[in-house]
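Structure file target-v4.pdb (PDB, C-alpha atoms) follows.
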```pdb
ATOM      1  CA  MET A 121       0.000   0.000   0.000  1.00  0.00           C
ATOM      2  CA  VAL A 122       1.325   3.427  -0.957  1.00  0.00           C
ATOM      3  CA  VAL A 123       0.778   6.161   1.610  1.00  0.00           C
ATOM      4  CA  PRO A 124       0.577   9.697   0.170  1.00  0.00           C
ATOM      5  CA  ARG A 125       3.249  12.002   1.514  1.00  0.00           C
ATOM      6  CA  ALA A 126       2.277  15.141   3.387  1.00  0.00           C
ATOM      7  CA  THR A 127       2.948  18.494   1.804  1.00  0.00           C
ATOM      8  CA  THR A 128       5.726  20.624   3.229  1.00  0.00           C
ATOM      9  CA  ALA A 129       3.194  23.075   4.682  1.00  0.00           C
ATOM     10  CA  ASN A 130       1.349  20.227   6.425  1.00  0.00           C
ATOM     11  CA  ARG A 131       4.612  18.832   7.797  1.00  0.00           C
ATOM     12  CA  MET A 132       5.579  22.228   9.158  1.00  0.00           C
ATOM     13  CA  ALA A 133       2.206  22.645  10.857  1.00  0.00           C
ATOM     14  CA  MET A 134       2.492  19.161  12.404  1.00  0.00           C
ATOM     15  CA  ALA A 135       6.004  19.884  13.580  1.00  0.00           C
ATOM     16  CA  ARG A 136       5.001  23.172  15.204  1.00  0.00           C
ATOM     17  CA  SER A 137       2.184  21.549  17.161  1.00  0.00           C
ATOM     18  CA  CYS A 138       4.034  18.363  18.123  1.00  0.00           C
ATOM     19  CA  ARG A 139       5.061  17.661  21.692  1.00  0.00           C
ATOM     20  CA  PHE A 140       8.141  15.493  21.827  1.00  0.00           C
ATOM     21  CA  ARG A 141       8.254  11.925  23.011  1.00  0.00           C
ATOM     22  CA  SER A 142      10.072  11.366  26.270  1.00  0.00           C
ATOM     23  CA  LYS A 143      12.205   8.327  27.071  1.00  0.00           C
ATOM     24  CA  ASN A 144       9.201   6.790  28.845  1.00  0.00           C
ATOM     25  CA  GLY A 145       6.773   6.921  25.916  1.00  0.00           C
ATOM     26  CA  CYS A 146       4.901   9.086  23.482  1.00  0.00           C
ATOM     27  CA  GLN A 147       3.213  12.223  24.784  1.00  0.00           C
ATOM     28  CA  HIS A 148       1.793  13.112  21.377  1.00  0.00           C
ATOM     29  CA  THR A 149      -1.969  13.543  21.279  1.00  0.00           C
ATOM     30  CA  SER A 150      -2.521  12.092  17.790  1.00  0.00           C
ATOM     31  CA  THR A 151      -2.527   8.412  16.847  1.00  0.00           C
ATOM     32  CA  SER A 152       0.910   8.520  15.230  1.00  0.00           C
ATOM     33  CA  CYS A 153       4.003  10.301  16.500  1.00  0.00           C
ATOM     34  CA  HIS A 154       6.346  11.821  13.914  1.00  0.00           C
ATOM     35  CA  PHE A 155       9.105  12.884  16.335  1.00  0.00           C
ATOM     36  CA  HIS A 156      10.835  11.444  19.301  1.00  0.00           C
ATOM     37  CA  GLN A 157      14.071  12.372  20.988  1.00  0.00           C
ATOM     38  CA  ILE A 158      17.031  10.304  22.041  1.00  0.00           C
ATOM     39  CA  GLN A 159      19.191  11.611  24.836  1.00  0.00           C
ATOM     40  CA  ALA A 160      22.014   9.763  26.563  1.00  0.00           C
ATOM     41  CA  ASP A 161      21.625   9.212  30.302  1.00  0.00           C
ATOM     42  CA  GLY A 162      23.290  12.054  32.159  1.00  0.00           C
ATOM     43  CA  ALA A 163      23.533  14.242  29.048  1.00  0.00           C
ATOM     44  CA  ASP A 164      22.348  17.823  29.259  1.00  0.00           C
ATOM     45  CA  GLU A 165      19.358  19.162  27.332  1.00  0.00           C
ATOM     46  CA  GLY A 166      21.652  20.898  24.863  1.00  0.00           C
ATOM     47  CA  CYS A 167      22.774  17.710  23.133  1.00  0.00           C
ATOM     48  CA  VAL A 168      19.884  15.721  21.670  1.00  0.00           C
ATOM     49  CA  THR A 169      19.119  13.532  18.669  1.00  0.00           C
ATOM     50  CA  PHE A 170      15.591  13.748  17.280  1.00  0.00           C
ATOM     51  CA  VAL A 171      14.213  10.934  15.161  1.00  0.00           C
ATOM     52  CA  MET A 172      11.802  12.268  12.548  1.00  0.00           C
ATOM     53  CA  HIS A 173       9.647   9.638  10.884  1.00  0.00           C
ATOM     54  CA  GLU A 174       8.305   9.963   7.326  1.00  0.00           C
ATOM     55  CA  GLU A 175      10.879  12.665   6.488  1.00  0.00           C
ATOM     56  CA  ASP A 176      13.812  12.954   4.105  1.00  0.00           C
ATOM     57  CA  HIS A 177      16.312  15.485   2.729  1.00  0.00           C
ATOM     58  CA  THR A 178      13.512  17.934   1.880  1.00  0.00           C
ATOM     59  CA  LEU A 179      12.937  18.847   5.510  1.00  0.00           C
ATOM     60  CA  GLY A 180      16.333  17.748   6.840  1.00  0.00           C
ATOM     61  CA  ASN A 181      18.569  20.054   4.845  1.00  0.00           C
ATOM     62  CA  SER A 182      16.361  23.152   5.001  1.00  0.00           C
ATOM     63  CA  LEU A 183      15.767  22.733   8.746  1.00  0.00           C
ATOM     64  CA  ARG A 184      19.481  22.166   9.368  1.00  0.00           C
ATOM     65  CA  TYR A 185      20.226  25.424   7.551  1.00  0.00           C
ATOM     66  CA  MET A 186      17.698  27.390   9.622  1.00  0.00           C
ATOM     67  CA  ILE A 187      18.903  25.958  12.930  1.00  0.00           C
ATOM     68  CA  MET A 188      22.582  26.633  12.122  1.00  0.00           C
ATOM     69  CA  LYS A 189      21.746  30.345  11.711  1.00  0.00           C
ATOM     70  CA  ASN A 190      21.137  30.425  15.487  1.00  0.00           C
ATOM     71  CA  PRO A 191      24.366  31.681  17.178  1.00  0.00           C
ATOM     72  CA  ASP A 192      23.702  29.470  20.237  1.00  0.00           C
ATOM     73  CA  VAL A 193      23.898  26.270  18.167  1.00  0.00           C
ATOM     74  CA  ASP A 194      27.314  24.590  18.015  1.00  0.00           C
ATOM     75  CA  PHE A 195      26.345  21.688  15.766  1.00  0.00           C
ATOM     76  CA  CYS A 196      23.348  20.643  13.740  1.00  0.00           C
ATOM     77  CA  GLY A 197      23.289  17.771  11.286  1.00  0.00           C
ATOM     78  CA  TYR A 198      21.173  14.910  10.110  1.00  0.00           C
ATOM     79  CA  THR A 199      21.554  11.444   8.667  1.00  0.00           C
ATOM     80  CA  ILE A 200      19.191   9.211   6.808  1.00  0.00           C
ATOM     81  CA  THR A 201      19.558   5.812   8.402  1.00  0.00           C
ATOM     82  CA  HIS A 202      18.969   3.804   5.221  1.00  0.00           C
ATOM     83  CA  PRO A 203      17.528   4.638   1.784  1.00  0.00           C
ATOM     84  CA  SER A 204      14.668   2.198   2.316  1.00  0.00           C
ATOM     85  CA  GLU A 205      13.641   3.842   5.612  1.00  0.00           C
ATOM     86  CA  SER A 206      11.788   7.154   5.586  1.00  0.00           C
ATOM     87  CA  LYS A 207      13.227   8.638   8.748  1.00  0.00           C
ATOM     88  CA  ILE A 208      16.082  10.912   9.663  1.00  0.00           C
ATOM     89  CA  ASN A 209      18.212  11.266  12.779  1.00  0.00           C
ATOM     90  CA  PHE A 210      18.547  14.978  13.462  1.00  0.00           C
ATOM     91  CA  ARG A 211      21.285  15.987  15.925  1.00  0.00           C
ATOM     92  CA  ILE A 212      21.433  19.376  17.670  1.00  0.00           C
ATOM     93  CA  GLN A 213      24.119  20.542  20.092  1.00  0.00           C
ATOM     94  CA  THR A 214      23.793  23.953  21.727  1.00  0.00           C
ATOM     95  CA  ARG A 215      25.801  26.139  24.072  1.00  0.00           C
ATOM     96  CA  GLY A 216      24.923  28.552  26.838  1.00  0.00           C
ATOM     97  CA  GLY A 217      22.311  26.330  28.460  1.00  0.00           C
ATOM     98  CA  LEU A 218      19.862  26.565  25.547  1.00  0.00           C
ATOM     99  CA  PRO A 219      17.838  23.322  25.324  1.00  0.00           C
ATOM    100  CA  ALA A 220      18.026  21.620  21.925  1.00  0.00           C
ATOM    101  CA  THR A 221      14.224  21.467  21.789  1.00  0.00           C
ATOM    102  CA  VAL A 222      14.078  25.274  21.898  1.00  0.00           C
ATOM    103  CA  ALA A 223      16.548  25.514  19.003  1.00  0.00           C
ATOM    104  CA  LEU A 224      14.510  22.948  17.046  1.00  0.00           C
ATOM    105  CA  ARG A 225      11.233  24.784  17.618  1.00  0.00           C
ATOM    106  CA  LYS A 226      12.797  28.109  16.638  1.00  0.00           C
ATOM    107  CA  GLY A 227      14.196  26.563  13.458  1.00  0.00           C
ATOM    108  CA  LEU A 228      10.836  25.011  12.588  1.00  0.00           C
ATOM    109  CA  THR A 229       9.063  28.330  13.160  1.00  0.00           C
ATOM    110  CA  GLU A 230      11.552  30.255  11.013  1.00  0.00           C
ATOM    111  CA  LEU A 231      11.352  27.651   8.255  1.00  0.00           C
ATOM    112  CA  HIS A 232       7.564  27.781   8.335  1.00  0.00           C
ATOM    113  CA  GLU A 233       7.647  31.575   8.065  1.00  0.00           C
ATOM    114  CA  ALA A 234      10.048  31.391   5.097  1.00  0.00           C
ATOM    115  CA  CYS A 235       7.855  28.807   3.333  1.00  0.00           C
ATOM    116  CA  GLN A 236       4.755  30.910   3.981  1.00  0.00           C
ATOM    117  CA  HIS A 237       6.468  33.981   2.521  1.00  0.00           C
ATOM    118  CA  VAL A 238       7.421  32.054  -0.642  1.00  0.00           C
ATOM    119  CA  LEU A 239       3.875  30.708  -0.979  1.00  0.00           C
ATOM    120  CA  ASN A 240       2.288  34.139  -0.490  1.00  0.00           C
ATOM    121  CA  THR A 241       4.663  35.750  -3.004  1.00  0.00           C
ATOM    122  CA  PHE A 242       4.020  33.007  -5.563  1.00  0.00           C
ATOM    123  CA  GLU A 243       0.239  33.249  -5.211  1.00  0.00           C
ATOM    124  CA  ALA A 244       0.352  37.059  -5.535  1.00  0.00           C
ATOM    125  CA  ARG A 245       2.420  36.836  -8.730  1.00  0.00           C
ATOM    126  CA  VAL A 246       0.114  34.186 -10.209  1.00  0.00           C
ATOM    127  CA  THR A 247      -2.883  36.416  -9.498  1.00  0.00           C
ATOM    128  CA  GLN A 248      -1.061  39.395 -11.011  1.00  0.00           C
ATOM    129  CA  TYR A 249      -0.165  37.363 -14.117  1.00  0.00           C
ATOM    130  CA  LYS A 250      -3.756  36.159 -14.578  1.00  0.00           C
ATOM    131  CA  GLU A 251      -5.051  39.731 -14.285  1.00  0.00           C
ATOM    132  CA  GLN A 252      -2.549  40.903 -16.909  1.00  0.00           C
ATOM    133  CA  GLN A 253      -3.526  38.069 -19.252  1.00  0.00           C
ATOM    134  CA  GLY A 254      -7.213  38.932 -18.787  1.00  0.00           C
ATOM    135  CA  GLN A 255      -6.552  42.569 -19.770  1.00  0.00           C
ATOM    136  CA  HIS A 256      -4.732  41.487 -22.957  1.00  0.00           C
ATOM    137  CA  MET A 257      -7.638  39.258 -23.984  1.00  0.00           C
ATOM    138  CA  GLU A 258     -10.242  42.072 -23.789  1.00  0.00           C
TER
END
```

Output the file's structure in the form of structure tokens.
Amino acid sequence: MVVPRATTANRMAMARSCRFRSKNGCQHTSTSCHFHQIQADGADEGCVTFVMHEEDHTLGNSLRYMIMKNPDVDFCGYTITHPSESKINFRIQTRGGLPATVALRKGLTELHEACQHVLNTFEARVTQYKEQQGQHME
């Protein structure tokens, strides 16, 4: 069975509203959890790996770019575990006591805002083009 992939806008909305899974189980309110975090025992909150299910380079690379713009982030990278698996391991390491979850949420918010700006600009230009074409036809 082929499952249709979510659009980038839908993924961003899910990511913004998601509560992360703790080591003891999923705290997500929906039936399927798309994120969970892996943190070594005794590690601080600034060094966390997030596992993102049903994601690939589309979200991974753009989100990595947005998170690395944060001056409090020392390292941010991701790996795709295997080409046949649709999940990524997303690692964030911060400094100055900033929790990695805060850096992730900020990156997701900024990426969502950038995607929304591109969408709004595109739709405005399409509308403008259609209006111009309508004037030429009259």

Quiz item: Of the residues A:Leu231, A:Asp164, A:Pro219, A:Asp192, which is the one nearest to Gly180 of chain A, using only C-alpha atoms?
Solution: A:Leu231

Quiz prompt | Selection result for the PyMOL selection byres ((chain A and resi 206) around 9) on this file, as a PyMOL selection string | solution = chain A and resi 172-176+200-205+207-208

Exercise. Between A:Ala160, A:Gln253, A:Ile212, A:Glu243, single out the one closest to Met186 of chain A, counting all atoms listed in the file.
Key: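 The closest residue to Met186 of chain A is A:Ile212.
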
Quiz item: Written as number ranges by chain, which residues does the PyMOL selection byres ((chain A and resi 198) around 9) give for the file shown?
Solution: A: 169, 177, 180-181, 184, 196-197, 199-200, 208-212

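Note that the spacing between atom CA of Leu228 of chain A and atom CA of Val171 of chain A amounts to 14.7 Å.
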
Practice problem: Figure out the distance between atom CA of Asn190 of chain A and atom CA of Gly217 of chain A, please, to one decimal in Å. | Solution: 13.7 Å

Practice problem: Provide the atom CA of Glu165 of chain A to atom CA of Ala234 of chain A distance in Å, to one decimal place. | Solution: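 Result for atom CA of Glu165 of chain A versus atom CA of Ala234 of chain A: 27.0 Å, one decimal.
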
Quiz prompt | Close residues, Lys226 of chain A itself excluded, 8 Å, all atoms listed in the file, min 4 positions apart in chain, as a ChimeraX atom specification | solution = /A:187,222,230

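Distances to Cys167 of chain A were evaluated for A:Pro191, A:Leu179, A:Leu218, A:His154 using all atoms listed in the file, and the minimum falls at A:Leu218.
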
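If you measure from each of A:Thr221, A:His232, A:Gly254, A:Ala244 to Gln159 of chain A using only C-alpha atoms, the closest one turns out to be A:Thr221.
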